[in-house]
Amino acid sequence: MKTEDIRIALLRIEGTNCEDESLNALKSMGARPEHVHLNELIRKKRNLEDYQMLFIPGGFSAGDYIRAGIIFAARIKATIKNDLLKFIEDEKIVLGVCNGFQVLTELGILPGIENLWEEHPGAVLAPNISNKFECRWIYLKKERSVCPFNETLPDKVFSMPIAHAEGRFMLPENREKYLLEKMIDNGQIAFRYVDREGNFEGYPWNPNGSLYNIAGLCNMTGNVIGMMPHPERAFFDFQNLEFWRGNSETPGRYIFEGILKHISRKF
Amino acid sequence: MVKVKIYIEYKEGVEDPEALTVKKSLSLLGFEGINSVKISKVYEMEIEGNKNSARKKAVEICEKLLANPVIHRYEVNVD
């Protein structure tokens with residue numbers, strides 16, 4: 001499939017607010033992203049099966065009341081669950097960034113360590129350990145993973161922005177060690193928070209206190225991906241904090257590039 | 001109509017950054033002897049039906065929306 005034929009649904013409800021940057025980034029790469037409201041899928045005005053990728057961008061869906069992402073997740077589960085399950089089973093790409101990651105986690109799709117879709121959430125993105133809204137650029141290092149951008153991301157330390165109050169990845173305490181080991185064995189961890197030199201350190205390098213410094217991950221099959229950092233905000237040169245210091249790398253581009261290449265090969 | 005109170009709180013052992021911030025603030029304000037702070041969320045609802053059906057519905061609400069079993073426990077009180 002050619003890049004220009006790849007259709008991407010940028011799913012939104014009230015409170016989604018990163019859909020324009022995400023659309024611009026993907027459009028500039030030649031793909032066909034479109035804003036799609038959840039109600040359009042519910043009322044069958046648009047069909048999920050027409051797309052190769054579902055992208056849930058960042059924001060504060062439904063005010064992030066109760067818990068970040070849970071209302072969006074509960075509405076998806078109550079309405080288009082079967083369509084989404086088929087979409088995932090067809091190995092199409094589902095990407096959740098920030099609030100989107102919280103939605104996929106609350107849905108029980110991520111981390112997807114033992115099943116494609118858990119009845120109850122198998123993890124949580126809990127309030128940051130600092131009890132603050134953390135909004136800044138952080139450092140990351142990729143892991144060996146089955147995520148589609150594993151090849152396109154650089155091996156060295158790279159930087160992307162975060163902006164969240166609830167990003168602390170946690171697994172159930174009584175099964176934490178077992179599940180984490182399984183995630184590592186499955187190659188589900190995309191990248192981890194590090195310091196400038198690439199060491200795995202605590203706060204503030206790990207901005208939310210995530211288990212094992214996890215910043216991004218995917219399910220067992222690598223087609224459902226969630227990340228707290230915002231690739232759409234580290235995409236164009238003018239967004240790049242270090243561009244004026246001579247660093248022309250925009251890691252967000254590598255993430256979308258890896259995903260689009262994967263879709264082109266697969267479909 | 002049945003009045004239902006739902007309490008959502010962190011499970012034992014799960015660190016609550018908000019509660020720790022409150023504890024620290026209390027100490028900074030000069031309150032001594034505050035050994036721990038625990039924060040719960042309370043939802044009050046009026047649910048149609050009898051006590052049993054209201055309780056059943058409230059439990060379902062907790063599991064589908066209000067609590068994430070990884071970090072939360074819940075309690076349902078029916079008047």
# chains A, B, ... in the order shown; residues from 1 in each chain; ligands from 1
$ residues_around --residues "Ser36 of chain B" --least-positions-apart "5" --cutoff "9 Å" --atoms "only C-alpha atoms" --output "list in words"
Ala19, Leu20 and Lys23 of chain B
$ write_last_selection --atoms "N, CA and C atoms" --output "short mmCIF file (atom, residue, chain, number, x, y, z; two decimals), in the first residue's frame"
data_model
loop_
_atom_site.label_atom_id
_atom_site.label_comp_id
_atom_site.auth_asym_id
_atom_site.auth_seq_id
_atom_site.Cartn_x
_atom_site.Cartn_y
_atom_site.Cartn_z
N ALA B 19 -2.20 12.77 48.73
CA ALA B 19 -2.24 12.64 50.19
C ALA B 19 -0.88 13.01 50.80
N LEU B 20 0.21 12.63 50.13
CA LEU B 20 1.54 12.97 50.64
C LEU B 20 1.76 14.48 50.62
N LYS B 23 -0.12 15.95 53.51
CA LYS B 23 0.61 15.67 54.76
C LYS B 23 1.78 16.63 54.92
#
$ select_by_dssp --residues "chain B" --states "helix (DSSP H, G or I)" --output "MDAnalysis selection string"
chainID B and resid 17:28 51:66
$ write_last_selection --atoms "N, CA and C atoms" --output "PDB file, in the first residue's frame"
ATOM      1  N   PRO B  17       0.158  10.465  45.765  1.00  0.00           N
ATOM      2  CA  PRO B  17       0.932  11.708  45.789  1.00  0.00           C
ATOM      3  C   PRO B  17       0.146  12.888  46.359  1.00  0.00           C
ATOM      4  N   GLU B  18      -1.167  12.907  46.142  1.00  0.00           N
ATOM      5  CA  GLU B  18      -1.983  14.018  46.657  1.00  0.00           C
ATOM      6  C   GLU B  18      -2.022  13.980  48.192  1.00  0.00           C
ATOM      7  N   ALA B  19      -2.199  12.774  48.734  1.00  0.00           N
ATOM      8  CA  ALA B  19      -2.237  12.638  50.194  1.00  0.00           C
ATOM      9  C   ALA B  19      -0.879  13.008  50.798  1.00  0.00           C
ATOM     10  N   LEU B  20       0.207  12.631  50.132  1.00  0.00           N
ATOM     11  CA  LEU B  20       1.542  12.970  50.636  1.00  0.00           C
ATOM     12  C   LEU B  20       1.763  14.483  50.621  1.00  0.00           C
ATOM     13  N   THR B  21       1.215  15.145  49.572  1.00  0.00           N
ATOM     14  CA  THR B  21       1.339  16.605  49.479  1.00  0.00           C
ATOM     15  C   THR B  21       0.564  17.280  50.605  1.00  0.00           C
ATOM     16  N   VAL B  22      -0.632  16.750  50.894  1.00  0.00           N
ATOM     17  CA  VAL B  22      -1.437  17.304  51.994  1.00  0.00           C
ATOM     18  C   VAL B  22      -0.693  17.137  53.313  1.00  0.00           C
ATOM     19  N   LYS B  23      -0.122  15.947  53.512  1.00  0.00           N
ATOM     20  CA  LYS B  23       0.608  15.665  54.763  1.00  0.00           C
ATOM     21  C   LYS B  23       1.782  16.628  54.920  1.00  0.00           C
ATOM     22  N   LYS B  24       2.500  16.833  53.817  1.00  0.00           N
ATOM     23  CA  LYS B  24       3.655  17.737  53.850  1.00  0.00           C
ATOM     24  C   LYS B  24       3.195  19.181  54.148  1.00  0.00           C
ATOM     25  N   SER B  25       2.095  19.585  53.508  1.00  0.00           N
ATOM     26  CA  SER B  25       1.581  20.943  53.713  1.00  0.00           C
ATOM     27  C   SER B  25       1.163  21.147  55.170  1.00  0.00           C
ATOM     28  N   LEU B  26       0.537  20.127  55.735  1.00  0.00           N
ATOM     29  CA  LEU B  26       0.118  20.231  57.142  1.00  0.00           C
ATOM     30  C   LEU B  26       1.322  20.421  58.053  1.00  0.00           C
ATOM     31  N   SER B  27       2.368  19.699  57.741  1.00  0.00           N
ATOM     32  CA  SER B  27       3.592  19.816  58.525  1.00  0.00           C
ATOM     33  C   SER B  27       4.194  21.224  58.379  1.00  0.00           C
ATOM     34  N   LEU B  28       4.185  21.744  57.138  1.00  0.00           N
ATOM     35  CA  LEU B  28       4.708  23.095  56.903  1.00  0.00           C
ATOM     36  C   LEU B  28       3.875  24.167  57.613  1.00  0.00           C
ATOM     37  N   LYS B  51     -33.163  -1.985  47.362  1.00  0.00           N
ATOM     38  CA  LYS B  51     -31.781  -1.909  47.864  1.00  0.00           C
ATOM     39  C   LYS B  51     -30.848  -2.884  47.135  1.00  0.00           C
ATOM     40  N   ASN B  52     -31.357  -4.097  46.917  1.00  0.00           N
ATOM     41  CA  ASN B  52     -30.508  -5.111  46.267  1.00  0.00           C
ATOM     42  C   ASN B  52     -30.121  -4.723  44.848  1.00  0.00           C
ATOM     43  N   SER B  53     -31.125  -4.292  44.087  1.00  0.00           N
ATOM     44  CA  SER B  53     -30.827  -3.945  42.693  1.00  0.00           C
ATOM     45  C   SER B  53     -29.948  -2.696  42.618  1.00  0.00           C
ATOM     46  N   ALA B  54     -30.160  -1.744  43.566  1.00  0.00           N
ATOM     47  CA  ALA B  54     -29.341  -0.525  43.588  1.00  0.00           C
ATOM     48  C   ALA B  54     -27.885  -0.865  43.900  1.00  0.00           C
ATOM     49  N   ARG B  55     -27.703  -1.773  44.864  1.00  0.00           N
ATOM     50  CA  ARG B  55     -26.339  -2.170  45.229  1.00  0.00           C
ATOM     51  C   ARG B  55     -25.643  -2.848  44.037  1.00  0.00           C
ATOM     52  N   LYS B  56     -26.398  -3.723  43.387  1.00  0.00           N
ATOM     53  CA  LYS B  56     -25.856  -4.446  42.224  1.00  0.00           C
ATOM     54  C   LYS B  56     -25.420  -3.454  41.132  1.00  0.00           C
ATOM     55  N   LYS B  57     -26.292  -2.471  40.899  1.00  0.00           N
ATOM     56  CA  LYS B  57     -25.996  -1.458  39.882  1.00  0.00           C
ATOM     57  C   LYS B  57     -24.758  -0.643  40.274  1.00  0.00           C
ATOM     58  N   ALA B  58     -24.676  -0.292  41.560  1.00  0.00           N
ATOM     59  CA  ALA B  58     -23.552   0.519  42.042  1.00  0.00           C
ATOM     60  C   ALA B  58     -22.227  -0.230  41.886  1.00  0.00           C
ATOM     61  N   VAL B  59     -22.258  -1.520  42.160  1.00  0.00           N
ATOM     62  CA  VAL B  59     -21.038  -2.333  42.001  1.00  0.00           C
ATOM     63  C   VAL B  59     -20.617  -2.349  40.527  1.00  0.00           C
ATOM     64  N   GLU B  60     -21.601  -2.500  39.667  1.00  0.00           N
ATOM     65  CA  GLU B  60     -21.308  -2.496  38.222  1.00  0.00           C
ATOM     66  C   GLU B  60     -20.707  -1.150  37.789  1.00  0.00           C
ATOM     67  N   ILE B  61     -21.256  -0.071  38.348  1.00  0.00           N
ATOM     68  CA  ILE B  61     -20.744   1.279  38.043  1.00  0.00           C
ATOM     69  C   ILE B  61     -19.272   1.399  38.478  1.00  0.00           C
ATOM     70  N   CYS B  62     -18.980   0.857  39.651  1.00  0.00           N
ATOM     71  CA  CYS B  62     -17.590   0.894  40.151  1.00  0.00           C
ATOM     72  C   CYS B  62     -16.667   0.155  39.197  1.00  0.00           C
ATOM     73  N   GLU B  63     -17.100  -1.024  38.781  1.00  0.00           N
ATOM     74  CA  GLU B  63     -16.228  -1.858  37.953  1.00  0.00           C
ATOM     75  C   GLU B  63     -16.072  -1.327  36.542  1.00  0.00           C
ATOM     76  N   LYS B  64     -17.114  -0.682  36.045  1.00  0.00           N
ATOM     77  CA  LYS B  64     -17.047  -0.185  34.660  1.00  0.00           C
ATOM     78  C   LYS B  64     -16.472   1.218  34.551  1.00  0.00           C
ATOM     79  N   LEU B  65     -16.556   2.003  35.626  1.00  0.00           N
ATOM     80  CA  LEU B  65     -16.182   3.404  35.485  1.00  0.00           C
ATOM     81  C   LEU B  65     -15.360   3.976  36.641  1.00  0.00           C
ATOM     82  N   LEU B  66     -15.814   3.783  37.852  1.00  0.00           N
ATOM     83  CA  LEU B  66     -15.250   4.588  38.939  1.00  0.00           C
ATOM     84  C   LEU B  66     -13.922   4.099  39.497  1.00  0.00           C
TER      85      LEU B  66
END
$ select_by_dssp --residues "segment 76-232 of chain A" --states "strand (DSSP E or B)" --output "VMD selection string"
chain A and resid 93 to 97 124 to 127 134 to 142 158 to 164 166 to 170 189 to 194 214 to 218 224 to 227
$ atom_distance --atom1 "atom CA of Glu14 of chain A" --atom2 "atom CA of Arg168 of chain A"
23.8 Å
$ closest_atom_pairs --of "chain A" --to "chain B" --cutoff "8 Å" --atoms "only C-alpha atoms" --output "CSV"
residue,atom,partner,partner_atom,distance
A:Ile66,CA,B:Leu66,CA,6.4
A:Arg67,CA,B:Leu66,CA,7.9
A:Ile70,CA,B:Leu65,CA,6.6
A:Ile71,CA,B:Leu65,CA,7.3
A:Ala74,CA,B:Leu65,CA,6.7
A:Glu106,CA,B:Asn68,CA,7.7
A:His120,CA,B:Pro69,CA,7.4
A:Pro121,CA,B:Asn68,CA,6.6
A:Gly122,CA,B:Val70,CA,6.8
A:Ala123,CA,B:Val70,CA,6.0
A:Val124,CA,B:Val70,CA,6.5
A:Pro127,CA,B:Pro17,CA,7.1
A:Asn128,CA,B:Pro17,CA,7.1
A:Ile129,CA,B:Pro17,CA,5.4
A:Ser130,CA,B:Pro17,CA,6.5
A:Asn131,CA,B:Pro17,CA,5.1
A:Met170,CA,B:Val70,CA,7.7
A:Leu171,CA,B:Val70,CA,6.5
A:Pro172,CA,B:Val70,CA,4.8
A:Glu173,CA,B:Val70,CA,7.6
$ atom_distance --atom1 "atom CA of Asn39 of chain A" --atom2 "atom CA of Phe72 of chain A"
11.5 Å
$ closest_residue --among "A:Ile225, A:Glu19, A:Ala62, A:Phe238" --to "Ile88 of chain A" --atoms "only C-alpha atoms"
A:Ile225
$ residues_around --residues "Thr105 of chain A" --least-positions-apart "3" --cutoff "10 Å" --atoms "only C-alpha atoms" --output "PDB file with C-alpha atoms, in the first residue's frame"
ATOM      1  CA  GLY A  69      -9.246   8.743  29.835  1.00  0.00           C
ATOM      2  CA  ILE A  70     -11.805   6.551  31.611  1.00  0.00           C
ATOM      3  CA  ALA A  73     -12.744   4.452  27.257  1.00  0.00           C
ATOM      4  CA  GLY A  96      -2.658   6.433  21.780  1.00  0.00           C
ATOM      5  CA  ASN A  99      -4.631  10.982  26.917  1.00  0.00           C
ATOM      6  CA  GLY A 100      -4.930   8.395  24.136  1.00  0.00           C
ATOM      7  CA  PHE A 101      -2.537   6.111  26.037  1.00  0.00           C
ATOM      8  CA  GLN A 102      -4.671   6.575  29.158  1.00  0.00           C
ATOM      9  CA  GLY A 108      -7.892  -2.942  28.932  1.00  0.00           C
ATOM     10  CA  ILE A 109      -6.171  -3.096  25.505  1.00  0.00           C
ATOM     11  CA  LEU A 110      -2.807  -1.967  26.846  1.00  0.00           C
ATOM     12  CA  PRO A 111      -0.461  -3.309  28.018  1.00  0.00           C
ATOM     13  CA  GLY A 112      -2.082  -6.463  26.610  1.00  0.00           C
ATOM     14  CA  GLU A 118      -8.696  -7.621  29.223  1.00  0.00           C
ATOM     15  CA  HIS A 120     -10.738  -5.050  33.489  1.00  0.00           C
ATOM     16  CA  PRO A 121      -7.716  -2.736  33.084  1.00  0.00           C
ATOM     17  CA  GLY A 122      -4.449  -4.645  33.516  1.00  0.00           C
ATOM     18  CA  ALA A 123      -2.472  -1.477  34.309  1.00  0.00           C
ATOM     19  CA  VAL A 124      -2.997   2.140  35.212  1.00  0.00           C
ATOM     20  CA  LEU A 125      -1.515   5.543  34.442  1.00  0.00           C
ATOM     21  CA  PHE A 169       2.613   3.451  34.637  1.00  0.00           C
ATOM     22  CA  GLY A 226       0.681   3.882  23.796  1.00  0.00           C
TER      23      GLY A 226
END
$ atom_distance --atom1 "atom CA of Lys132 of chain A" --atom2 "atom CA of Leu11 of chain A"
27.2 Å
$ residues_around --residues "Ile93 of chain A" --least-positions-apart "4" --cutoff "9 Å" --atoms "only C-alpha atoms" --output "PyMOL selection string"
chain A and resi 52-55+87-88+222-225+259+263
$ write_last_selection --atoms "N, CA and C atoms" --output "PDB file, in the first residue's frame"
ATOM      1  N   GLN A  52      -6.710   2.339   8.155  1.00  0.00           N
ATOM      2  CA  GLN A  52      -5.620   1.413   8.484  1.00  0.00           C
ATOM      3  C   GLN A  52      -5.032   1.728   9.852  1.00  0.00           C
ATOM      4  N   MET A  53      -5.340   2.933  10.341  1.00  0.00           N
ATOM      5  CA  MET A  53      -4.793   3.320  11.643  1.00  0.00           C
ATOM      6  C   MET A  53      -5.820   4.151  12.405  1.00  0.00           C
ATOM      7  N   LEU A  54      -5.905   3.863  13.699  1.00  0.00           N
ATOM      8  CA  LEU A  54      -6.748   4.654  14.591  1.00  0.00           C
ATOM      9  C   LEU A  54      -5.805   5.362  15.557  1.00  0.00           C
ATOM     10  N   PHE A  55      -5.916   6.660  15.619  1.00  0.00           N
ATOM     11  CA  PHE A  55      -5.000   7.452  16.436  1.00  0.00           C
ATOM     12  C   PHE A  55      -5.838   8.233  17.452  1.00  0.00           C
ATOM     13  N   PHE A  87     -10.675  -4.536  14.385  1.00  0.00           N
ATOM     14  CA  PHE A  87      -9.614  -3.669  13.877  1.00  0.00           C
ATOM     15  C   PHE A  87      -8.253  -4.138  14.416  1.00  0.00           C
ATOM     16  N   ILE A  88      -8.218  -4.447  15.718  1.00  0.00           N
ATOM     17  CA  ILE A  88      -6.974  -4.900  16.355  1.00  0.00           C
ATOM     18  C   ILE A  88      -6.612  -6.309  15.882  1.00  0.00           C
ATOM     19  N   GLY A 222       2.379  -5.847  18.822  1.00  0.00           N
ATOM     20  CA  GLY A 222       3.042  -4.620  18.376  1.00  0.00           C
ATOM     21  C   GLY A 222       2.156  -3.661  17.602  1.00  0.00           C
ATOM     22  N   ASN A 223       0.868  -3.970  17.470  1.00  0.00           N
ATOM     23  CA  ASN A 223       0.018  -3.067  16.664  1.00  0.00           C
ATOM     24  C   ASN A 223      -0.825  -2.093  17.500  1.00  0.00           C
ATOM     25  N   VAL A 224      -0.848  -2.280  18.817  1.00  0.00           N
ATOM     26  CA  VAL A 224      -1.495  -1.288  19.679  1.00  0.00           C
ATOM     27  C   VAL A 224      -0.398  -0.624  20.514  1.00  0.00           C
ATOM     28  N   ILE A 225      -0.296   0.682  20.358  1.00  0.00           N
ATOM     29  CA  ILE A 225       0.849   1.393  20.938  1.00  0.00           C
ATOM     30  C   ILE A 225       0.367   2.550  21.802  1.00  0.00           C
ATOM     31  N   ILE A 259       5.721   3.812  11.777  1.00  0.00           N
ATOM     32  CA  ILE A 259       4.349   3.296  11.724  1.00  0.00           C
ATOM     33  C   ILE A 259       3.850   3.257  10.278  1.00  0.00           C
ATOM     34  N   ILE A 263       2.720   0.004   8.002  1.00  0.00           N
ATOM     35  CA  ILE A 263       1.401  -0.145   7.351  1.00  0.00           C
ATOM     36  C   ILE A 263       1.579  -0.399   5.858  1.00  0.00           C
TER      37      ILE A 263
END
$ closest_residue --among "B:Ile8, B:Ile34, B:Leu29, B:Val78" --to "Ile47 of chain B" --atoms "only C-alpha atoms"
B:Val78
